[in-house]
$ cat protein_25.pdb   # PDB, C-alpha atoms and all ligand atoms
ATOM      1  CA  ASP A 476      18.432  -5.947  -4.085  1.00  0.00           C
ATOM      2  CA  PRO A 477      16.946  -6.270  -0.555  1.00  0.00           C
ATOM      3  CA  VAL A 478      15.404  -2.776  -0.598  1.00  0.00           C
ATOM      4  CA  LYS A 479      13.550  -3.601  -3.815  1.00  0.00           C
ATOM      5  CA  VAL A 480      12.311  -6.824  -2.215  1.00  0.00           C
ATOM      6  CA  MET A 481      11.108  -4.887   0.854  1.00  0.00           C
ATOM      7  CA  LYS A 482       9.309  -2.335  -1.294  1.00  0.00           C
ATOM      8  CA  GLU A 483       7.646  -5.026  -3.403  1.00  0.00           C
ATOM      9  CA  GLU A 484       6.555  -7.014  -0.330  1.00  0.00           C
ATOM     10  CA  VAL A 485       5.038  -4.044   1.446  1.00  0.00           C
ATOM     11  CA  GLY A 486       3.365  -2.780  -1.749  1.00  0.00           C
ATOM     12  CA  LYS A 487       1.742  -6.178  -2.209  1.00  0.00           C
ATOM     13  CA  ALA A 488       0.598  -6.247   1.419  1.00  0.00           C
ATOM     14  CA  ALA A 489      -1.043  -2.832   1.063  1.00  0.00           C
ATOM     15  CA  ALA A 490      -2.747  -3.808  -2.192  1.00  0.00           C
ATOM     16  CA  ALA A 491      -4.264  -6.807  -0.380  1.00  0.00           C
ATOM     17  CA  LEU A 492      -6.092  -4.426   1.992  1.00  0.00           C
ATOM     18  CA  VAL A 493      -8.102  -2.791  -0.815  1.00  0.00           C
ATOM     19  CA  LYS A 494     -11.750  -3.900  -0.848  1.00  0.00           C
ATOM     20  CA  SER A 495     -14.087  -4.106  -3.866  1.00  0.00           C
ATOM     21  CA  ASN A 496     -16.443  -1.152  -4.456  1.00  0.00           C
ATOM     22  CA  SER A 497     -14.010   1.292  -2.897  1.00  0.00           C
ATOM     23  CA  VAL A 498     -12.291   4.581  -3.759  1.00  0.00           C
ATOM     24  CA  VAL A 499      -8.514   4.320  -3.460  1.00  0.00           C
ATOM     25  CA  GLY A 500      -6.055   7.192  -3.079  1.00  0.00           C
ATOM     26  CA  LEU A 501      -3.041   6.277  -5.214  1.00  0.00           C
ATOM     27  CA  GLY A 502       0.211   7.631  -3.782  1.00  0.00           C
ATOM     28  CA  THR A 503       3.510   8.463  -5.434  1.00  0.00           C
ATOM     29  CA  GLY A 504       6.954   6.889  -5.305  1.00  0.00           C
ATOM     30  CA  SER A 505       8.649   3.574  -5.983  1.00  0.00           C
ATOM     31  CA  THR A 506       7.071   1.663  -3.084  1.00  0.00           C
ATOM     32  CA  THR A 507       3.510   2.711  -3.842  1.00  0.00           C
ATOM     33  CA  ALA A 508       4.192   1.817  -7.481  1.00  0.00           C
ATOM     34  CA  TYR A 509       4.210  -1.833  -6.379  1.00  0.00           C
ATOM     35  CA  ALA A 510       0.908  -1.388  -4.556  1.00  0.00           C
ATOM     36  CA  ILE A 511      -0.618   0.086  -7.732  1.00  0.00           C
ATOM     37  CA  GLN A 512       0.751  -2.808  -9.773  1.00  0.00           C
ATOM     38  CA  TYR A 513      -0.748  -5.389  -7.392  1.00  0.00           C
ATOM     39  CA  ILE A 514      -4.091  -3.614  -7.223  1.00  0.00           C
ATOM     40  CA  GLY A 515      -4.110  -3.822 -11.025  1.00  0.00           C
ATOM     41  CA  GLU A 516      -3.298  -7.529 -10.881  1.00  0.00           C
ATOM     42  CA  ARG A 517      -6.097  -8.162  -8.376  1.00  0.00           C
ATOM     43  CA  LEU A 518      -8.507  -6.325 -10.693  1.00  0.00           C
ATOM     44  CA  LYS A 519      -7.317  -8.333 -13.695  1.00  0.00           C
ATOM     45  CA  SER A 520      -7.789 -11.633 -11.843  1.00  0.00           C
ATOM     46  CA  GLY A 521     -11.347 -10.613 -10.969  1.00  0.00           C
ATOM     47  CA  GLU A 522     -10.617 -10.958  -7.256  1.00  0.00           C
ATOM     48  CA  LEU A 523     -11.083  -7.194  -6.837  1.00  0.00           C
ATOM     49  CA  LYS A 524     -14.024  -5.416  -8.493  1.00  0.00           C
ATOM     50  CA  ASP A 525     -15.393  -1.911  -8.999  1.00  0.00           C
ATOM     51  CA  ILE A 526     -12.700   0.283  -7.606  1.00  0.00           C
ATOM     52  CA  VAL A 527     -11.721   3.786  -8.722  1.00  0.00           C
ATOM     53  CA  GLY A 528      -8.441   5.524  -8.004  1.00  0.00           C
ATOM     54  CA  VAL A 529      -7.621   9.135  -7.175  1.00  0.00           C
ATOM     55  CA  PRO A 530      -4.038   9.767  -8.324  1.00  0.00           C
ATOM     56  CA  THR A 531      -1.661  12.011  -6.332  1.00  0.00           C
ATOM     57  CA  SER A 532       0.645  12.747  -9.276  1.00  0.00           C
ATOM     58  CA  PHE A 533       1.226  12.293 -12.985  1.00  0.00           C
ATOM     59  CA  GLN A 534       3.361   9.290 -11.943  1.00  0.00           C
ATOM     60  CA  ALA A 535       0.392   7.658 -10.169  1.00  0.00           C
ATOM     61  CA  GLU A 536      -1.879   8.497 -13.106  1.00  0.00           C
ATOM     62  CA  VAL A 537       0.474   6.873 -15.638  1.00  0.00           C
ATOM     63  CA  LEU A 538       0.903   3.754 -13.470  1.00  0.00           C
ATOM     64  CA  ALA A 539      -2.858   3.458 -12.861  1.00  0.00           C
ATOM     65  CA  LYS A 540      -3.519   3.573 -16.609  1.00  0.00           C
ATOM     66  CA  GLN A 541      -0.725   1.051 -17.203  1.00  0.00           C
ATOM     67  CA  TYR A 542      -2.283  -1.380 -14.712  1.00  0.00           C
ATOM     68  CA  GLY A 543      -5.903  -0.771 -15.690  1.00  0.00           C
ATOM     69  CA  ILE A 544      -7.136   1.044 -12.604  1.00  0.00           C
ATOM     70  CA  PRO A 545     -10.035   3.373 -13.504  1.00  0.00           C
ATOM     71  CA  LEU A 546      -9.419   6.942 -12.326  1.00  0.00           C
ATOM     72  CA  THR A 547     -11.690   9.607 -10.909  1.00  0.00           C
ATOM     73  CA  THR A 548     -11.366  13.080  -9.419  1.00  0.00           C
ATOM     74  CA  LEU A 549     -12.183  14.643  -6.086  1.00  0.00           C
ATOM     75  CA  ASP A 550     -15.169  16.373  -7.720  1.00  0.00           C
ATOM     76  CA  ALA A 551     -16.774  13.043  -8.533  1.00  0.00           C
ATOM     77  CA  ILE A 552     -16.537  11.154  -5.229  1.00  0.00           C
ATOM     78  CA  ALA A 553     -18.067  11.591  -1.783  1.00  0.00           C
ATOM     79  CA  HIS A 554     -15.142  10.072   0.123  1.00  0.00           C
ATOM     80  CA  ILE A 555     -11.882   8.137  -0.184  1.00  0.00           C
ATOM     81  CA  ASP A 556     -12.021   4.744   1.532  1.00  0.00           C
ATOM     82  CA  ILE A 557      -8.294   4.027   1.619  1.00  0.00           C
ATOM     83  CA  ALA A 558      -5.136   5.816   0.520  1.00  0.00           C
ATOM     84  CA  ILE A 559      -1.814   4.032  -0.006  1.00  0.00           C
ATOM     85  CA  ASP A 560       1.328   6.183  -0.114  1.00  0.00           C
ATOM     86  CA  GLY A 561       5.015   6.112   0.698  1.00  0.00           C
ATOM     87  CA  ALA A 562       7.151   8.238   2.988  1.00  0.00           C
ATOM     88  CA  ASP A 563      10.741   9.373   3.319  1.00  0.00           C
ATOM     89  CA  GLU A 564      10.770   9.295   7.135  1.00  0.00           C
ATOM     90  CA  VAL A 565       8.396   7.836   9.746  1.00  0.00           C
ATOM     91  CA  ASP A 566       8.848   8.659  13.447  1.00  0.00           C
ATOM     92  CA  PRO A 567       7.477   6.653  16.425  1.00  0.00           C
ATOM     93  CA  GLN A 568       4.331   8.854  16.510  1.00  0.00           C
ATOM     94  CA  LYS A 569       3.667   8.024  12.805  1.00  0.00           C
ATOM     95  CA  ASN A 570       4.510  11.565  11.793  1.00  0.00           C
ATOM     96  CA  LEU A 571       5.953  11.571   8.274  1.00  0.00           C
ATOM     97  CA  ILE A 572       8.263  13.472   6.051  1.00  0.00           C
ATOM     98  CA  LYS A 573       7.095  13.071   2.469  1.00  0.00           C
ATOM     99  CA  GLY A 574       7.889  14.779  -0.787  1.00  0.00           C
ATOM    100  CA  GLY A 575      10.913  12.847  -1.987  1.00  0.00           C
ATOM    101  CA  GLY A 576       9.033  12.657  -5.265  1.00  0.00           C
ATOM    102  CA  ALA A 577       7.978  16.334  -5.147  1.00  0.00           C
ATOM    103  CA  ALA A 578       4.355  15.163  -5.042  1.00  0.00           C
ATOM    104  CA  HIS A 579       3.509  16.025  -1.419  1.00  0.00           C
ATOM    105  CA  THR A 580       0.974  18.765  -2.295  1.00  0.00           C
ATOM    106  CA  ARG A 581      -1.571  16.477  -3.956  1.00  0.00           C
ATOM    107  CA  GLU A 582      -0.574  13.608  -1.656  1.00  0.00           C
ATOM    108  CA  LYS A 583      -1.465  15.632   1.434  1.00  0.00           C
ATOM    109  CA  VAL A 584      -4.904  16.465  -0.014  1.00  0.00           C
ATOM    110  CA  VAL A 585      -5.692  12.805  -0.760  1.00  0.00           C
ATOM    111  CA  ASP A 586      -3.999  11.210   2.262  1.00  0.00           C
ATOM    112  CA  TYR A 587      -5.742  13.546   4.715  1.00  0.00           C
ATOM    113  CA  LEU A 588      -9.133  13.007   3.081  1.00  0.00           C
ATOM    114  CA  ALA A 589      -8.853   9.209   3.186  1.00  0.00           C
ATOM    115  CA  ASN A 590     -10.821   7.317   5.828  1.00  0.00           C
ATOM    116  CA  GLN A 591      -7.808   5.049   6.175  1.00  0.00           C
ATOM    117  CA  PHE A 592      -4.281   6.151   5.203  1.00  0.00           C
ATOM    118  CA  ILE A 593      -1.802   3.279   4.797  1.00  0.00           C
ATOM    119  CA  VAL A 594       1.893   4.205   4.628  1.00  0.00           C
ATOM    120  CA  VAL A 595       4.155   1.747   2.833  1.00  0.00           C
ATOM    121  CA  ILE A 596       7.869   1.920   3.607  1.00  0.00           C
ATOM    122  CA  ASP A 597      10.999  -0.159   3.679  1.00  0.00           C
ATOM    123  CA  ALA A 598      12.508  -0.396   7.159  1.00  0.00           C
ATOM    124  CA  GLY A 599      15.186   2.151   6.262  1.00  0.00           C
ATOM    125  CA  LYS A 600      12.634   4.962   6.533  1.00  0.00           C
ATOM    126  CA  LEU A 601      12.094   4.553  10.280  1.00  0.00           C
ATOM    127  CA  VAL A 602      13.650   7.386  12.362  1.00  0.00           C
ATOM    128  CA  ASP A 603      13.569   8.385  16.021  1.00  0.00           C
ATOM    129  CA  LYS A 604      13.150  12.046  15.154  1.00  0.00           C
ATOM    130  CA  LEU A 605      11.794  13.704  12.000  1.00  0.00           C
ATOM    131  CA  GLY A 606      14.411  15.528   9.972  1.00  0.00           C
ATOM    132  CA  SER A 607      17.279  13.391  11.187  1.00  0.00           C
ATOM    133  CA  SER A 608      18.006  11.991   7.748  1.00  0.00           C
ATOM    134  CA  PHE A 609      15.697  13.733   5.253  1.00  0.00           C
ATOM    135  CA  ALA A 610      15.254  17.424   4.516  1.00  0.00           C
ATOM    136  CA  VAL A 611      11.713  18.829   4.606  1.00  0.00           C
ATOM    137  CA  PRO A 612      10.431  19.427   1.044  1.00  0.00           C
ATOM    138  CA  VAL A 613       8.534  22.701   0.585  1.00  0.00           C
ATOM    139  CA  GLU A 614       6.639  23.580  -2.611  1.00  0.00           C
ATOM    140  CA  VAL A 615       7.016  27.278  -3.415  1.00  0.00           C
ATOM    141  CA  ILE A 616       5.544  29.473  -6.130  1.00  0.00           C
ATOM    142  CA  PRO A 617       8.521  30.634  -8.219  1.00  0.00           C
ATOM    143  CA  MET A 618       7.953  34.404  -7.847  1.00  0.00           C
ATOM    144  CA  ALA A 619       8.277  34.097  -4.064  1.00  0.00           C
ATOM    145  CA  MET A 620      11.377  31.869  -3.955  1.00  0.00           C
ATOM    146  CA  THR A 621      13.772  34.446  -2.486  1.00  0.00           C
ATOM    147  CA  PRO A 622      11.547  35.815   0.313  1.00  0.00           C
ATOM    148  CA  VAL A 623      10.489  32.258   1.221  1.00  0.00           C
ATOM    149  CA  MET A 624      14.116  31.148   1.466  1.00  0.00           C
ATOM    150  CA  ASN A 625      14.884  34.182   3.650  1.00  0.00           C
ATOM    151  CA  ALA A 626      11.928  33.446   5.932  1.00  0.00           C
ATOM    152  CA  ILE A 627      13.001  29.807   6.267  1.00  0.00           C
ATOM    153  CA  LYS A 628      16.569  30.803   7.139  1.00  0.00           C
ATOM    154  CA  LYS A 629      15.123  33.008   9.920  1.00  0.00           C
ATOM    155  CA  LEU A 630      13.407  29.854  11.235  1.00  0.00           C
ATOM    156  CA  GLY A 631      16.799  28.159  11.433  1.00  0.00           C
ATOM    157  CA  GLY A 632      16.313  26.113   8.279  1.00  0.00           C
ATOM    158  CA  LYS A 633      18.880  25.616   5.521  1.00  0.00           C
ATOM    159  CA  PRO A 634      16.909  25.741   2.220  1.00  0.00           C
ATOM    160  CA  GLU A 635      18.228  24.301  -1.042  1.00  0.00           C
ATOM    161  CA  LEU A 636      16.509  24.575  -4.424  1.00  0.00           C
ATOM    162  CA  ARG A 637      15.802  21.047  -5.761  1.00  0.00           C
ATOM    163  CA  MET A 638      17.441  20.625  -9.153  1.00  0.00           C
ATOM    164  CA  GLY A 639      16.279  18.191 -11.841  1.00  0.00           C
ATOM    165  CA  VAL A 640      18.308  15.105 -12.703  1.00  0.00           C
ATOM    166  CA  ARG A 641      17.195  14.464 -16.303  1.00  0.00           C
ATOM    167  CA  LYS A 642      15.861  17.975 -16.655  1.00  0.00           C
ATOM    168  CA  ALA A 643      18.057  21.049 -16.765  1.00  0.00           C
ATOM    169  CA  GLY A 644      17.282  23.539 -14.032  1.00  0.00           C
ATOM    170  CA  PRO A 645      14.983  23.201 -10.991  1.00  0.00           C
ATOM    171  CA  VAL A 646      12.430  20.411 -10.548  1.00  0.00           C
ATOM    172  CA  ILE A 647       8.970  21.666 -11.575  1.00  0.00           C
ATOM    173  CA  THR A 648       6.022  20.121  -9.678  1.00  0.00           C
ATOM    174  CA  ASP A 649       2.740  18.857 -11.166  1.00  0.00           C
ATOM    175  CA  GLN A 650       1.356  22.276 -10.241  1.00  0.00           C
ATOM    176  CA  GLY A 651       4.140  24.149 -12.066  1.00  0.00           C
ATOM    177  CA  ASN A 652       5.981  25.282  -8.943  1.00  0.00           C
ATOM    178  CA  MET A 653       9.459  24.638  -7.506  1.00  0.00           C
ATOM    179  CA  VAL A 654      10.632  22.705  -4.449  1.00  0.00           C
ATOM    180  CA  ILE A 655      13.140  23.620  -1.781  1.00  0.00           C
ATOM    181  CA  ASP A 656      14.561  20.989   0.548  1.00  0.00           C
ATOM    182  CA  VAL A 657      15.050  22.397   4.044  1.00  0.00           C
ATOM    183  CA  ARG A 658      17.427  20.915   6.588  1.00  0.00           C
ATOM    184  CA  PHE A 659      16.628  21.627  10.248  1.00  0.00           C
ATOM    185  CA  ASP A 660      19.061  20.695  13.052  1.00  0.00           C
ATOM    186  CA  ASP A 661      16.132  19.610  15.160  1.00  0.00           C
ATOM    187  CA  ILE A 662      12.341  19.430  14.733  1.00  0.00           C
ATOM    188  CA  PRO A 663      11.086  19.389  18.336  1.00  0.00           C
ATOM    189  CA  ASP A 664       7.508  20.287  17.350  1.00  0.00           C
ATOM    190  CA  PRO A 665       6.544  18.992  13.889  1.00  0.00           C
ATOM    191  CA  VAL A 666       2.888  20.052  14.335  1.00  0.00           C
ATOM    192  CA  ASN A 667       3.930  23.648  14.859  1.00  0.00           C
ATOM    193  CA  LEU A 668       6.627  23.630  12.159  1.00  0.00           C
ATOM    194  CA  GLU A 669       4.117  22.277   9.638  1.00  0.00           C
ATOM    195  CA  LYS A 670       1.780  25.202  10.345  1.00  0.00           C
ATOM    196  CA  THR A 671       4.576  27.792  10.411  1.00  0.00           C
ATOM    197  CA  LEU A 672       5.997  26.689   7.055  1.00  0.00           C
ATOM    198  CA  ASN A 673       2.588  26.750   5.359  1.00  0.00           C
ATOM    199  CA  ASN A 674       1.943  30.206   6.759  1.00  0.00           C
ATOM    200  CA  ILE A 675       4.903  31.738   4.914  1.00  0.00           C
ATOM    201  CA  PRO A 676       3.431  33.711   1.968  1.00  0.00           C
ATOM    202  CA  GLY A 677       4.439  31.913  -1.248  1.00  0.00           C
ATOM    203  CA  VAL A 678       4.622  28.450   0.299  1.00  0.00           C
ATOM    204  CA  LEU A 679       2.054  26.105  -1.244  1.00  0.00           C
ATOM    205  CA  GLU A 680       2.646  22.968   0.881  1.00  0.00           C
ATOM    206  CA  ASN A 681       5.333  21.250   2.942  1.00  0.00           C
ATOM    207  CA  GLY A 682       6.174  17.580   3.355  1.00  0.00           C
ATOM    208  CA  ILE A 683       5.507  17.231   7.092  1.00  0.00           C
ATOM    209  CA  PHE A 684       2.446  14.968   7.607  1.00  0.00           C
ATOM    210  CA  VAL A 685       1.256  14.927  11.207  1.00  0.00           C
ATOM    211  CA  ASN A 686      -1.808  13.144  12.657  1.00  0.00           C
ATOM    212  CA  CYS A 687      -2.475  11.621   9.264  1.00  0.00           C
ATOM    213  CA  ALA A 688      -1.117   8.078   8.954  1.00  0.00           C
ATOM    214  CA  ASP A 689      -3.404   5.346  10.285  1.00  0.00           C
ATOM    215  CA  ILE A 690      -1.335   2.273   9.507  1.00  0.00           C
ATOM    216  CA  VAL A 691       2.382   2.023   8.703  1.00  0.00           C
ATOM    217  CA  LEU A 692       3.350  -1.167   6.851  1.00  0.00           C
ATOM    218  CA  ILE A 693       7.072  -1.846   7.091  1.00  0.00           C
ATOM    219  CA  GLY A 694       8.802  -4.090   4.577  1.00  0.00           C
ATOM    220  CA  GLU A 695      11.841  -5.880   5.970  1.00  0.00           C
ATOM    221  CA  VAL A 696      14.181  -8.717   5.057  1.00  0.00           C
ATOM    222  CA  ILE A 697      14.771 -11.005   8.069  1.00  0.00           C
ATOM    223  CA  ASP A 698      17.144 -13.965   7.729  1.00  0.00           C
ATOM    224  CA  GLY A 699      17.067 -13.373   4.007  1.00  0.00           C
ATOM    225  CA  LYS A 700      13.280 -13.645   3.888  1.00  0.00           C
ATOM    226  CA  PRO A 701      11.005 -10.677   3.065  1.00  0.00           C
ATOM    227  CA  SER A 702       8.461  -9.864   5.765  1.00  0.00           C
ATOM    228  CA  VAL A 703       5.933  -7.103   6.484  1.00  0.00           C
ATOM    229  CA  ARG A 704       4.883  -5.750   9.886  1.00  0.00           C
TER     230      ARG A 704
HETATM  231  O1  LIG T   1       7.226  11.758  -2.703  1.00  0.00           O
HETATM  232  C1  LIG T   1       6.716  11.056  -1.814  1.00  0.00           C
HETATM  233  O2  LIG T   1       6.116  11.520  -0.813  1.00  0.00           O
HETATM  234  C2  LIG T   1       6.911   9.571  -1.905  1.00  0.00           C
HETATM  235  O3  LIG T   1       5.866   8.901  -1.274  1.00  0.00           O
HETATM  236  C3  LIG T   1       8.240   9.267  -1.243  1.00  0.00           C
HETATM  237  O4  LIG T   1       8.275   9.935  -0.075  1.00  0.00           O
HETATM  238  C4  LIG T   1       8.476   7.806  -1.014  1.00  0.00           C
HETATM  239  O5  LIG T   1       9.034   7.345  -2.158  1.00  0.00           O
HETATM  240  P1  LIG T   1       9.720   5.893  -2.239  1.00  0.00           P
HETATM  241  O6  LIG T   1       8.631   4.911  -1.862  1.00  0.00           O
HETATM  242  O7  LIG T   1      10.144   5.801  -3.670  1.00  0.00           O
HETATM  243  O8  LIG T   1      10.863   5.878  -1.262  1.00  0.00           O
END
$ encode --input "protein_25.pdb" --output "structure tokens" --more "lines below"
Ligand code: DER
Amino acid sequence: DPVKVMKEEVGKAAAALVKSNSVVGLGTGSTTAYAIQYIGERLKSGELKDIVGVPTSFQAEVLAKQYGIPLTTLDAIAHIDIAIDGADEVDPQKNLIKGGGAAHTREKVVDYLANQFIVVIDAGKLVDKLGSSFAVPVEVIPMAMTPVMNAIKKLGGKPELRMGVRKAGPVITDQGNMVIDVRFDDIPDPVNLEKTLNNIPGVLENGIFVNCADIVLIGEVIDGKPSVR
């Protein structure tokens, strides 16, 4: 599966950028899962030493434990040296849509704090304009769901409650809230939309990440061979 190969390649490349004695923000999603695995392998081989991870989700926490990466919290560290995380869309200005895994609230905290934020994607995530292929995830506190949906419709968005796949009913986030996925015909000003969405009472966080990504690593398969740029 070429997409799996791209994800694995780019996850490995990101893991190679982690230095010993550093604090690493551990992102969420299937691509970052490879980075976590390879960080664990580098620790096991002794090539990498003395790192601690700050997980962005229960998924990242479980994977970090599985691969032997010691974990810490934001109360215990002075800074985050590097964060590695995925994305659902990346535009030419390195603005992102994230939240495919409903983890964007903790991800945004960690990714923004990090001195260096590395995005790991397969080439299919590249877009000319944000919102062209992926709806904007918005975490909402359940009691405010209806007024938030109404406010978003007034903004021209089409909100849809995210339903679980192997869980009956709506997806519940690591904070105990729900997620709506909002389609916009056009997002001419992602900086402004990000602020407007978060200003709606009842919205906890949205998946637009602007002025945050430092490096975008893109996994591709060219002439049948995996490559990263
Ligand atoms: O939920 C998230 O923000 C993830 O990083 C997601 O956007 C990317 O997940 P993937 O690497 O499995 O495509």
$ atom_distance --input "protein_25.pdb" --atom1 "atom CA of Ala619 of chain A" --atom2 "atom CA of Val654 of chain A"
11.6 Å
$ closest_atom_pairs --input "protein_25.pdb" --of "chain A" --to "ligand LIG 1 (chain T)" --cutoff "6 Å" --atoms "all atoms listed in the file" --output "JSON lines"
{"residue": "A:Thr503", "atom": "CA", "partner": "T:LIG1", "partner_atom": "O3", "distance": 4.8}
{"residue": "A:Gly504", "atom": "CA", "partner": "T:LIG1", "partner_atom": "O7", "distance": 3.7}
{"residue": "A:Ser505", "atom": "CA", "partner": "T:LIG1", "partner_atom": "O7", "distance": 3.5}
{"residue": "A:Thr506", "atom": "CA", "partner": "T:LIG1", "partner_atom": "O6", "distance": 3.8}
{"residue": "A:Thr507", "atom": "CA", "partner": "T:LIG1", "partner_atom": "O6", "distance": 5.9}
{"residue": "A:Asp560", "atom": "CA", "partner": "T:LIG1", "partner_atom": "O3", "distance": 5.4}
{"residue": "A:Gly561", "atom": "CA", "partner": "T:LIG1", "partner_atom": "O3", "distance": 3.5}
{"residue": "A:Ala562", "atom": "CA", "partner": "T:LIG1", "partner_atom": "O4", "distance": 3.7}
{"residue": "A:Asp563", "atom": "CA", "partner": "T:LIG1", "partner_atom": "O4", "distance": 4.2}
{"residue": "A:Lys573", "atom": "CA", "partner": "T:LIG1", "partner_atom": "O2", "distance": 3.8}
{"residue": "A:Gly574", "atom": "CA", "partner": "T:LIG1", "partner_atom": "O1", "distance": 3.6}
{"residue": "A:Gly575", "atom": "CA", "partner": "T:LIG1", "partner_atom": "O1", "distance": 3.9}
{"residue": "A:Gly576", "atom": "CA", "partner": "T:LIG1", "partner_atom": "O1", "distance": 3.3}
{"residue": "A:Ala577", "atom": "CA", "partner": "T:LIG1", "partner_atom": "O1", "distance": 5.2}
{"residue": "A:Ala578", "atom": "CA", "partner": "T:LIG1", "partner_atom": "O1", "distance": 5.0}
{"residue": "A:His579", "atom": "CA", "partner": "T:LIG1", "partner_atom": "O2", "distance": 5.2}
$ closest_residue --input "protein_25.pdb" --among "A:Leu668, A:Ala535, A:Ile697, A:Val594" --to "Ala489 of chain A" --atoms "only C-alpha atoms"
A:Val594
$ atom_distance --input "protein_25.pdb" --atom1 "atom CA of Glu484 of chain A" --atom2 "atom CA of Ala508 of chain A"
11.6 Å
$ resolve_selection --input "protein_25.pdb" --expression "the PyMOL selection byres (((chain A and resi 595) around 10) and not hetatm)" --output "number ranges by chain"
A: 481-489, 502, 506-507, 509-510, 559-562, 592-594, 596-598, 600, 690-694, 703
$ resolve_selection --input "protein_25.pdb" --expression "the PyMOL selection byres (((chain A and resi 540) around 12) and not hetatm)" --output "PyMOL selection string"
chain A and resi 501+511-512+514-515+527-530+533-539+541-547
$ write_last_selection --input "protein_25.pdb" --atoms "C-alpha atoms" --output "short mmCIF file (atom, residue, chain, number, x, y, z; two decimals), in the coordinates of the input"
data_model
loop_
_atom_site.label_atom_id
_atom_site.label_comp_id
_atom_site.auth_asym_id
_atom_site.auth_seq_id
_atom_site.Cartn_x
_atom_site.Cartn_y
_atom_site.Cartn_z
CA LEU A 501 -3.04 6.28 -5.21
CA ILE A 511 -0.62 0.09 -7.73
CA GLN A 512 0.75 -2.81 -9.77
CA ILE A 514 -4.09 -3.61 -7.22
CA GLY A 515 -4.11 -3.82 -11.02
CA VAL A 527 -11.72 3.79 -8.72
CA GLY A 528 -8.44 5.52 -8.00
CA VAL A 529 -7.62 9.14 -7.18
CA PRO A 530 -4.04 9.77 -8.32
CA PHE A 533 1.23 12.29 -12.98
CA GLN A 534 3.36 9.29 -11.94
CA ALA A 535 0.39 7.66 -10.17
CA GLU A 536 -1.88 8.50 -13.11
CA VAL A 537 0.47 6.87 -15.64
CA LEU A 538 0.90 3.75 -13.47
CA ALA A 539 -2.86 3.46 -12.86
CA GLN A 541 -0.72 1.05 -17.20
CA TYR A 542 -2.28 -1.38 -14.71
CA GLY A 543 -5.90 -0.77 -15.69
CA ILE A 544 -7.14 1.04 -12.60
CA PRO A 545 -10.04 3.37 -13.50
CA LEU A 546 -9.42 6.94 -12.33
CA THR A 547 -11.69 9.61 -10.91
#
$ atom_distance --input "protein_25.pdb" --atom1 "atom CA of Leu588 of chain A" --atom2 "atom CA of Ile555 of chain A"
6.5 Å
$ resolve_selection --input "protein_25.pdb" --expression "the PyMOL selection byres (((chain A and resi 678) around 12) and not hetatm)" --output "PyMOL selection string"
chain A and resi 580+612-624+626-627+652-655+669-677+679-682
$ closest_residue --input "protein_25.pdb" --among "A:Asp649, A:Glu516, A:Asp556, A:Asp661" --to "Thr531 of chain A" --atoms "all atoms listed in the file"
A:Asp649
$ axis_aligned_box --input "protein_25.pdb" --around "segment 595-614 of chain A" --padding-each-side "6 Å" --output "lines of an AutoDock Vina configuration file"
center_x = 11.1
center_y = 11.6
center_z = 6.7
size_x = 25.9
size_y = 36.0
size_z = 30.6
$ closest_residue --input "protein_25.pdb" --among "A:Leu571, A:Lys494, A:Val584, A:Ser702" --to "Leu549 of chain A" --atoms "all atoms listed in the file"
A:Val584
$ residues_around --input "protein_25.pdb" --residues "segment 664-666 of chain A" --least-positions-apart "5" --cutoff "12 Å" --atoms "only C-alpha atoms" --output "VMD selection string"
chain A and resid 566 568 to 572 604 to 606 611 659 671 to 673 681 to 687
$ decode --input "protein_25.pdb" --residues "segment 573-580 of chain A" --atoms "N, CA, C and O atoms" --output "PDB file, in the first residue's frame"
ATOM      1  N   LYS A 573      -6.149  20.187  10.968  1.00  0.00           N
ATOM      2  CA  LYS A 573      -5.895  18.982  11.752  1.00  0.00           C
ATOM      3  C   LYS A 573      -7.160  18.596  12.475  1.00  0.00           C
ATOM      4  O   LYS A 573      -8.138  19.332  12.458  1.00  0.00           O
ATOM      5  N   GLY A 574      -7.135  17.412  13.124  1.00  0.00           N
ATOM      6  CA  GLY A 574      -8.306  17.029  13.878  1.00  0.00           C
ATOM      7  C   GLY A 574      -9.019  15.821  13.327  1.00  0.00           C
ATOM      8  O   GLY A 574     -10.065  15.415  13.808  1.00  0.00           O
ATOM      9  N   GLY A 575      -8.409  15.227  12.279  1.00  0.00           N
ATOM     10  CA  GLY A 575      -8.990  13.992  11.728  1.00  0.00           C
ATOM     11  C   GLY A 575      -9.148  12.933  12.812  1.00  0.00           C
ATOM     12  O   GLY A 575     -10.053  12.116  12.767  1.00  0.00           O
ATOM     13  N   GLY A 576      -8.248  13.013  13.798  1.00  0.00           N
ATOM     14  CA  GLY A 576      -8.294  12.047  14.898  1.00  0.00           C
ATOM     15  C   GLY A 576      -8.982  12.606  16.137  1.00  0.00           C
ATOM     16  O   GLY A 576      -8.884  12.045  17.217  1.00  0.00           O
ATOM     17  N   ALA A 577      -9.623  13.750  15.982  1.00  0.00           N
ATOM     18  CA  ALA A 577     -10.371  14.402  17.084  1.00  0.00           C
ATOM     19  C   ALA A 577      -9.453  14.732  18.258  1.00  0.00           C
ATOM     20  O   ALA A 577      -9.897  14.831  19.397  1.00  0.00           O
ATOM     21  N   ALA A 578      -8.171  14.962  17.935  1.00  0.00           N
ATOM     22  CA  ALA A 578      -7.186  15.231  19.003  1.00  0.00           C
ATOM     23  C   ALA A 578      -6.633  16.639  18.915  1.00  0.00           C
ATOM     24  O   ALA A 578      -5.682  16.986  19.616  1.00  0.00           O
ATOM     25  N   HIS A 579      -7.230  17.500  18.081  1.00  0.00           N
ATOM     26  CA  HIS A 579      -6.604  18.797  17.766  1.00  0.00           C
ATOM     27  C   HIS A 579      -6.493  19.735  18.965  1.00  0.00           C
ATOM     28  O   HIS A 579      -5.655  20.623  18.986  1.00  0.00           O
ATOM     29  N   THR A 580      -7.308  19.527  20.015  1.00  0.00           N
ATOM     30  CA  THR A 580      -7.236  20.453  21.166  1.00  0.00           C
ATOM     31  C   THR A 580      -5.900  20.327  21.888  1.00  0.00           C
ATOM     32  O   THR A 580      -5.187  21.306  22.067  1.00  0.00           O
TER      33      THR A 580
END
